[in-house]
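S.K.: Below is the file upload_1.pdb, which contains PDB, C-alpha atoms.
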MODEL        1
ATOM      1  CA  MET A   1     110.449  81.608 106.272
ATOM      2  CA  SER A   2     111.067  84.878 104.423
ATOM      3  CA  ARG A   3     108.445  86.225 102.066
ATOM      4  CA  ASN A   4     108.974  85.886  98.316
ATOM      5  CA  ARG A   5     110.716  89.108  97.248
ATOM      6  CA  GLN A   6     108.922  88.989  93.900
ATOM      7  CA  THR A   7     105.615  89.582  95.700
ATOM      8  CA  SER A   8     104.350  93.083  96.371
ATOM      9  CA  THR A   9     104.842  94.222  99.978
ATOM     10  CA  LEU A  10     102.425  97.154  99.714
ATOM     11  CA  ARG A  11      99.774  96.531 102.347
ATOM     12  CA  ARG A  12      96.081  97.352 102.280
ATOM     13  CA  PRO A  13      94.940 100.361 104.325
ATOM     14  CA  PRO A  14      93.440  99.759 107.764
ATOM     15  CA  ASP A  15      89.672  99.357 108.023
ATOM     16  CA  GLU A  16      89.340 102.272 110.433
ATOM     17  CA  PRO A  17      90.333 105.781 109.240
ATOM     18  CA  SER A  18      91.270 106.637 112.835
ATOM     19  CA  ALA A  19      94.253 104.276 112.521
ATOM     20  CA  LEU A  20      95.776 106.793 110.086
ATOM     21  CA  LYS A  21      95.669 109.833 112.383
ATOM     22  CA  ASP A  22      99.492 109.834 112.715
ATOM     23  CA  PHE A  23     100.194 109.257 109.012
ATOM     24  CA  PRO A  24     103.003 111.618 107.853
ATOM     25  CA  THR A  25     101.823 114.793 106.128
ATOM     26  CA  GLU A  26     103.210 117.550 103.920
ATOM     27  CA  SER A  27     101.757 121.045 103.606
ATOM     28  CA  LEU A  28     101.212 122.194 100.037
ATOM     29  CA  ARG A  29     101.032 125.993 100.165
ATOM     30  CA  SER A  30      99.841 128.510  97.603
ATOM     31  CA  ASP A  31     103.377 129.775  96.903
ATOM     32  CA  ARG A  32     104.568 126.498  95.358
ATOM     33  CA  PRO A  33     104.405 126.214  91.541
ATOM     34  CA  LEU A  34     102.715 123.095  90.175
ATOM     35  CA  TYR A  35     102.329 121.881  86.603
ATOM     36  CA  ARG A  36      99.691 120.167  84.553
ATOM     37  CA  VAL A  37      99.358 119.504  80.810
ATOM     38  CA  VAL A  38      95.822 119.939  79.457
ATOM     39  CA  LYS A  39      94.102 119.966  76.085
ATOM     40  CA  GLN A  40      93.424 123.386  74.622
ATOM     41  CA  GLY A  41      90.023 124.584  75.800
ATOM     42  CA  ASN A  42      90.038 122.502  78.991
ATOM     43  CA  GLY A  43      90.366 123.995  82.452
ATOM     44  CA  PRO A  44      93.243 122.726  84.626
ATOM     45  CA  TRP A  45      91.380 122.214  87.906
ATOM     46  CA  TRP A  46      89.395 119.081  87.075
ATOM     47  CA  PHE A  47      88.636 116.631  89.891
ATOM     48  CA  GLY A  48      87.840 113.360  88.185
ATOM     49  CA  SER A  49      85.997 110.309  89.458
ATOM     50  CA  SER A  50      86.370 107.923  86.522
ATOM     51  CA  LEU A  51      88.502 105.524  88.606
ATOM     52  CA  GLU A  52      90.935 105.433  85.688
ATOM     53  CA  GLY A  53      93.477 107.469  87.693
ATOM     54  CA  ARG A  54      95.779 106.039  90.334
ATOM     55  CA  PHE A  55      94.249 107.859  93.304
ATOM     56  CA  ASP A  56      90.770 108.571  91.945
ATOM     57  CA  LEU A  57      87.947 108.908  94.448
ATOM     58  CA  PRO A  58      84.407 107.860  93.504
ATOM     59  CA  GLU A  59      81.697 110.510  93.181
ATOM     60  CA  PRO A  60      80.666 112.782  94.785
ATOM     61  CA  ASP A  61      84.393 113.348  95.346
ATOM     62  CA  GLY A  62      87.213 113.551  92.831
ATOM     63  CA  THR A  63      90.971 113.835  92.346
ATOM     64  CA  CYS A  64      93.140 116.366  90.489
ATOM     65  CA  TYR A  65      96.712 115.423  89.480
ATOM     66  CA  LEU A  66      99.677 117.791  89.278
ATOM     67  CA  ALA A  67     103.476 117.545  89.127
ATOM     68  CA  ALA A  68     106.339 119.451  90.718
ATOM     69  CA  ASP A  69     108.131 119.834  87.362
ATOM     70  CA  GLU A  70     106.842 120.650  83.880
ATOM     71  CA  LEU A  71     108.892 117.945  82.155
ATOM     72  CA  ALA A  72     107.605 115.367  84.635
ATOM     73  CA  ALA A  73     104.036 116.516  83.954
ATOM     74  CA  LEU A  74     104.670 115.969  80.243
ATOM     75  CA  LEU A  75     106.152 112.509  80.833
ATOM     76  CA  GLU A  76     103.087 111.451  82.825
ATOM     77  CA  LEU A  77     100.828 112.545  79.980
ATOM     78  CA  ILE A  78     102.646 111.009  77.020
ATOM     79  CA  ALA A  79     103.662 107.678  78.580
ATOM     80  CA  PRO A  80     100.551 105.719  77.495
ATOM     81  CA  ASP A  81     100.502 107.310  74.015
ATOM     82  CA  ARG A  82     104.102 107.217  72.849
ATOM     83  CA  GLU A  83     105.457 104.557  70.522
ATOM     84  CA  GLY A  84     108.807 103.367  71.854
ATOM     85  CA  GLY A  85     111.037 106.429  72.082
ATOM     86  CA  ALA A  86     108.833 108.818  70.124
ATOM     87  CA  VAL A  87     105.654 110.859  70.426
ATOM     88  CA  SER A  88     103.625 112.598  67.732
ATOM     89  CA  SER A  89     104.044 116.354  67.326
ATOM     90  CA  GLU A  90     100.293 116.554  66.622
ATOM     91  CA  PHE A  91      99.615 115.091  70.069
ATOM     92  CA  LEU A  92     101.563 117.940  71.687
ATOM     93  CA  LYS A  93     100.252 120.757  69.467
ATOM     94  CA  ILE A  94      96.759 120.556  70.946
ATOM     95  CA  ARG A  95      97.990 120.668  74.545
ATOM     96  CA  LEU A  96      99.154 123.411  76.874
ATOM     97  CA  ILE A  97     101.327 123.616  79.976
ATOM     98  CA  ARG A  98      99.653 125.257  82.962
ATOM     99  CA  GLU A  99     101.723 126.593  85.857
ATOM    100  CA  LEU A 100      99.359 126.584  88.833
ATOM    101  CA  ARG A 101      99.136 127.346  92.522
ATOM    102  CA  VAL A 102      96.583 125.989  94.944
ATOM    103  CA  PRO A 103      94.164 128.601  96.352
ATOM    104  CA  ARG A 104      94.735 127.493  99.942
ATOM    105  CA  THR A 105      97.035 125.207 101.917
ATOM    106  CA  PHE A 106      96.387 121.510 101.301
ATOM    107  CA  PHE A 107      97.466 119.021 103.970
ATOM    108  CA  LEU A 108      98.613 115.981 102.025
ATOM    109  CA  SER A 109      99.366 112.451 103.171
ATOM    110  CA  ASP A 110     103.025 111.905 102.318
ATOM    111  CA  PHE A 111     103.774 108.620 100.547
ATOM    112  CA  THR A 112     107.394 109.753 100.046
ATOM    113  CA  ALA A 113     108.137 109.946 103.790
ATOM    114  CA  ARG A 114     110.083 107.059 105.306
ATOM    115  CA  ARG A 115     107.709 107.063 108.258
ATOM    116  CA  ALA A 116     104.938 105.955 105.885
ATOM    117  CA  SER A 117     106.644 102.553 105.711
ATOM    118  CA  GLY A 118     105.378 101.887 109.243
ATOM    119  CA  PHE A 119     101.837 101.994 107.853
ATOM    120  CA  GLY A 120     102.633  99.464 105.129
ATOM    121  CA  ILE A 121     103.460 101.932 102.344
ATOM    122  CA  THR A 122     106.186 101.159  99.804
ATOM    123  CA  ALA A 123     107.262 102.971  96.634
ATOM    124  CA  GLU A 124     104.917 100.584  94.801
ATOM    125  CA  ILE A 125     102.055 102.918  95.733
ATOM    126  CA  GLY A 126     103.103 105.124  92.788
ATOM    127  CA  THR A 127     103.894 102.361  90.284
ATOM    128  CA  SER A 128     101.664  99.341  90.878
ATOM    129  CA  THR A 129      98.873  98.306  88.519
ATOM    130  CA  PRO A 130      95.959  97.890  88.483
ATOM    131  CA  TYR A 131      94.948 100.843  90.660
ATOM    132  CA  ASP A 132      92.676  99.076  93.162
ATOM    133  CA  LEU A 133      95.131  99.264  96.049
ATOM    134  CA  PRO A 134      96.265 102.886  95.546
ATOM    135  CA  GLN A 135      92.613 103.918  95.197
ATOM    136  CA  SER A 136      91.716 102.140  98.432
ATOM    137  CA  TRP A 137      94.496 104.064 100.209
ATOM    138  CA  ALA A 138      93.223 107.334  98.734
ATOM    139  CA  ALA A 139      89.674 106.604  99.882
ATOM    140  CA  ARG A 140      90.714 105.681 103.418
ATOM    141  CA  LEU A 141      93.007 108.682 103.819
ATOM    142  CA  HIS A 142      90.270 110.960 102.501
ATOM    143  CA  GLN A 143      87.936 109.500 105.125
ATOM    144  CA  ALA A 144      90.616 110.285 107.708
ATOM    145  CA  GLY A 145      90.546 113.954 106.668
ATOM    146  CA  SER A 146      93.411 114.100 104.167
ATOM    147  CA  ASN A 147      93.305 116.760 101.429
ATOM    148  CA  GLY A 148      95.262 114.530  99.046
ATOM    149  CA  VAL A 149      98.527 112.635  98.680
ATOM    150  CA  VAL A 150     102.100 113.327  97.561
ATOM    151  CA  TYR A 151     103.946 110.465  95.849
ATOM    152  CA  TRP A 152     106.754 109.662  93.396
ATOM    153  CA  LEU A 153     105.580 109.913  89.798
ATOM    154  CA  ARG A 154     105.532 106.619  87.949
ATOM    155  CA  HIS A 155     107.007 107.713  84.609
ATOM    156  CA  ASP A 156     109.840 109.942  85.830
ATOM    157  CA  PRO A 157     112.754 107.802  87.089
ATOM    158  CA  SER A 158     114.385 110.887  88.623
ATOM    159  CA  ARG A 159     111.802 110.680  91.444
ATOM    160  CA  THR A 160     109.817 113.839  90.943
ATOM    161  CA  GLU A 161     106.912 114.499  93.275
ATOM    162  CA  GLY A 162     103.348 114.135  92.081
ATOM    163  CA  PHE A 163     100.343 115.583  93.877
ATOM    164  CA  ALA A 164      96.836 114.128  93.900
ATOM    165  CA  LEU A 165      94.411 116.616  95.444
ATOM    166  CA  PHE A 166      90.993 115.664  96.821
ATOM    167  CA  ASP A 167      87.861 117.789  96.449
ATOM    168  CA  LEU A 168      84.310 117.481  95.152
ATOM    169  CA  HIS A 169      83.925 115.969  91.687
ATOM    170  CA  GLY A 170      84.021 118.433  88.799
ATOM    171  CA  GLU A 171      85.807 121.578  87.684
ATOM    172  CA  ARG A 172      86.940 124.411  89.951
ATOM    173  CA  ALA A 173      86.449 127.153  87.369
ATOM    174  CA  GLU A 174      86.636 129.799  90.107
ATOM    175  CA  TRP A 175      90.250 128.860  90.964
ATOM    176  CA  ASP A 176      93.106 130.747  89.317
ATOM    177  CA  GLY A 177      93.884 129.097  85.977
ATOM    178  CA  GLY A 178      97.546 130.060  86.312
ATOM    179  CA  ARG A 179     100.019 130.783  83.540
ATOM    180  CA  GLU A 180      99.231 129.077  80.244
ATOM    181  CA  ARG A 181     101.734 128.414  77.476
ATOM    182  CA  HIS A 182     102.300 126.129  74.520
ATOM    183  CA  ILE A 183     104.727 123.245  74.837
ATOM    184  CA  SER A 184     107.882 125.078  73.862
ATOM    185  CA  ALA A 185     110.766 124.048  71.629
ATOM    186  CA  GLU A 186     112.946 124.254  74.742
ATOM    187  CA  LEU A 187     110.779 121.734  76.614
ATOM    188  CA  ILE A 188     110.717 119.434  73.583
ATOM    189  CA  GLU A 189     114.525 119.681  73.451
ATOM    190  CA  ARG A 190     114.678 118.677  77.145
ATOM    191  CA  LEU A 191     112.348 115.772  76.423
ATOM    192  CA  THR A 192     114.794 114.520  73.784
ATOM    193  CA  GLU A 193     118.067 115.253  75.587
ATOM    194  CA  GLU A 194     117.096 114.247  79.137
ATOM    195  CA  CYS A 195     114.611 111.451  78.395
ATOM    196  CA  GLY A 196     115.639 110.153  74.965
ATOM    197  CA  ILE A 197     112.114 110.717  73.581
ATOM    198  CA  GLU A 198     111.792 112.260  70.132
ATOM    199  CA  VAL A 199     108.885 114.331  68.863
ATOM    200  CA  LEU A 200     108.089 113.331  65.284
ATOM    201  CA  ASP A 201     105.732 114.711  62.664
ATOM    202  CA  VAL A 202     103.080 112.324  61.389
ATOM    203  CA  PRO A 203     103.531 112.058  57.589
ATOM    204  CA  ARG A 204     100.634 113.045  55.323
ATOM    205  CA  ALA A 205      99.107 110.337  53.148
ATOM    206  CA  SER A 206     100.538 112.083  50.071
ATOM    207  CA  GLU A 207     104.035 111.695  51.520
ATOM    208  CA  LEU A 208     103.807 107.930  51.921
ATOM    209  CA  LYS A 209     105.208 105.529  49.330
ATOM    210  CA  ILE A 210     103.312 102.289  48.794
ATOM    211  CA  ILE A 211     105.629  99.245  48.628
ATOM    212  CA  ASP A 212     104.115  95.759  48.242
ATOM    213  CA  GLY A 213     100.774  97.043  49.527
ATOM    214  CA  LYS A 214     102.310  98.661  52.636
ATOM    215  CA  ALA A 215     102.873 102.338  53.354
ATOM    216  CA  SER A 216     106.447 103.416  54.159
TER     217      SER A 216
ENDMDL
END
Taking this structure as input, can you express it in the form of structure tokens?
M.R.:
Amino acid sequence: MSRNRQTSTLRRPPDEPSALKDFPTESLRSDRPLYRVVKQGNGPWWFGSSLEGRFDLPEPDGTCYLAADELAALLELIAPDREGGAVSSEFLKIRLIRELRVPRTFFLSDFTARRASGFGITAEIGTSTPYDLPQSWAARLHQAGSNGVVYWLRHDPSRTEGFALFDLHGERAEWDGGRERHISAELIERLTEECGIEVLDVPRASELKIIDGKAS
């Protein structure tokens, strides 16, 4: 009898890290540009262990997330905070785009490789919720010696690569902070034209008209 196609086919990782020694890998070198959106005043190389991220590792280790494209990095950030097809301009004003490069080659487990399907990986690894299963894969691959994972970003339907790097928990302030810039009018225009997401100003209280006890 065939399995119900409405059931996830993403498998759990093997119990033994040694079973993943032939897992497909991709080399992330220091000449490849990567992108991350951060709040003003925050460093970009933060390896978190909150377990609120898809591939978070528990302390003393942590995970840092980056994207292959600046628009994709922006989409990943705003997805939980936007209302329908719009996002607040105030939300974007306090954030910066960082163009970064890793300080050394990272050998990443490749969730985008077809050969990963032989280990029980499906594209659900980058979209499924809650994050228990992706986090268990991250932990097991880290135990097997992986420096991180490459996967398809959840909020960019064009299938842009995301990178989750593994290192000790905390900030790598000694790493190059890369090129920093404000979220430009050009990027906001791309967000509207390519993604159908508008950036709207939040009206001041003095600009609101009260009708039947409701602001409009």
S.K.: Please report the interatomic distance between atom CA of Leu51 of chain A and atom CA of Asn147 of chain A in Å with one decimal.
M.R.: 17.7 Å
S.K.: Can you pull out the residues contacting His142 of chain A? Cut-off 10 Å, using all atoms listed in the file, and skip same-chain residues under 2 positions away; I want them as a list in words.
M.R.: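 Those residues are Pro17, Leu57, Asp61, Leu108, Ser109, Ser136, Trp137, Ala138, Ala139, Arg140, Ala144, Gly145, Ser146, Asn147, Gly148, Val149, Leu165, Phe166 and Asp167 of chain A.
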S.K.: Compile the contact shell of Glu70 of chain A as a list of chain:residue names: residues with an atom at most 9 Å away, counting all atoms listed in the file, same-chain residues fewer than 3 positions apart removed.
M.R.: A:Leu34, A:Tyr35, A:Arg36, A:Val37, A:Ala67, A:Ala73, A:Leu74, A:Leu75, A:Ile97, A:Arg98, A:Glu99, A:Leu187
S.K.: Pick from A:Leu168, A:Ala86, A:Leu20, A:Ile197: nearest to Pro58 of chain A, with only C-alpha atoms counted?
M.R.: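 Closest to Pro58 of chain A, using only C-alpha atoms: A:Leu168.
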S.K.: Report the distance between atom CA of Asp15 of chain A and atom CA of Arg54 of chain A in Å, rounded to one decimal place.
M.R.: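 Distance between the two atoms: 19.9 Å.
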S.K.: Name the residues that the PyMOL selection byres ((chain A and resi 162) around 10) pulls out of this structure, and write them as an MDAnalysis selection string.
M.R.: chainID A and resid 34:35 65:69 72:73 76 112 126 149:154 156 159:161 163:165
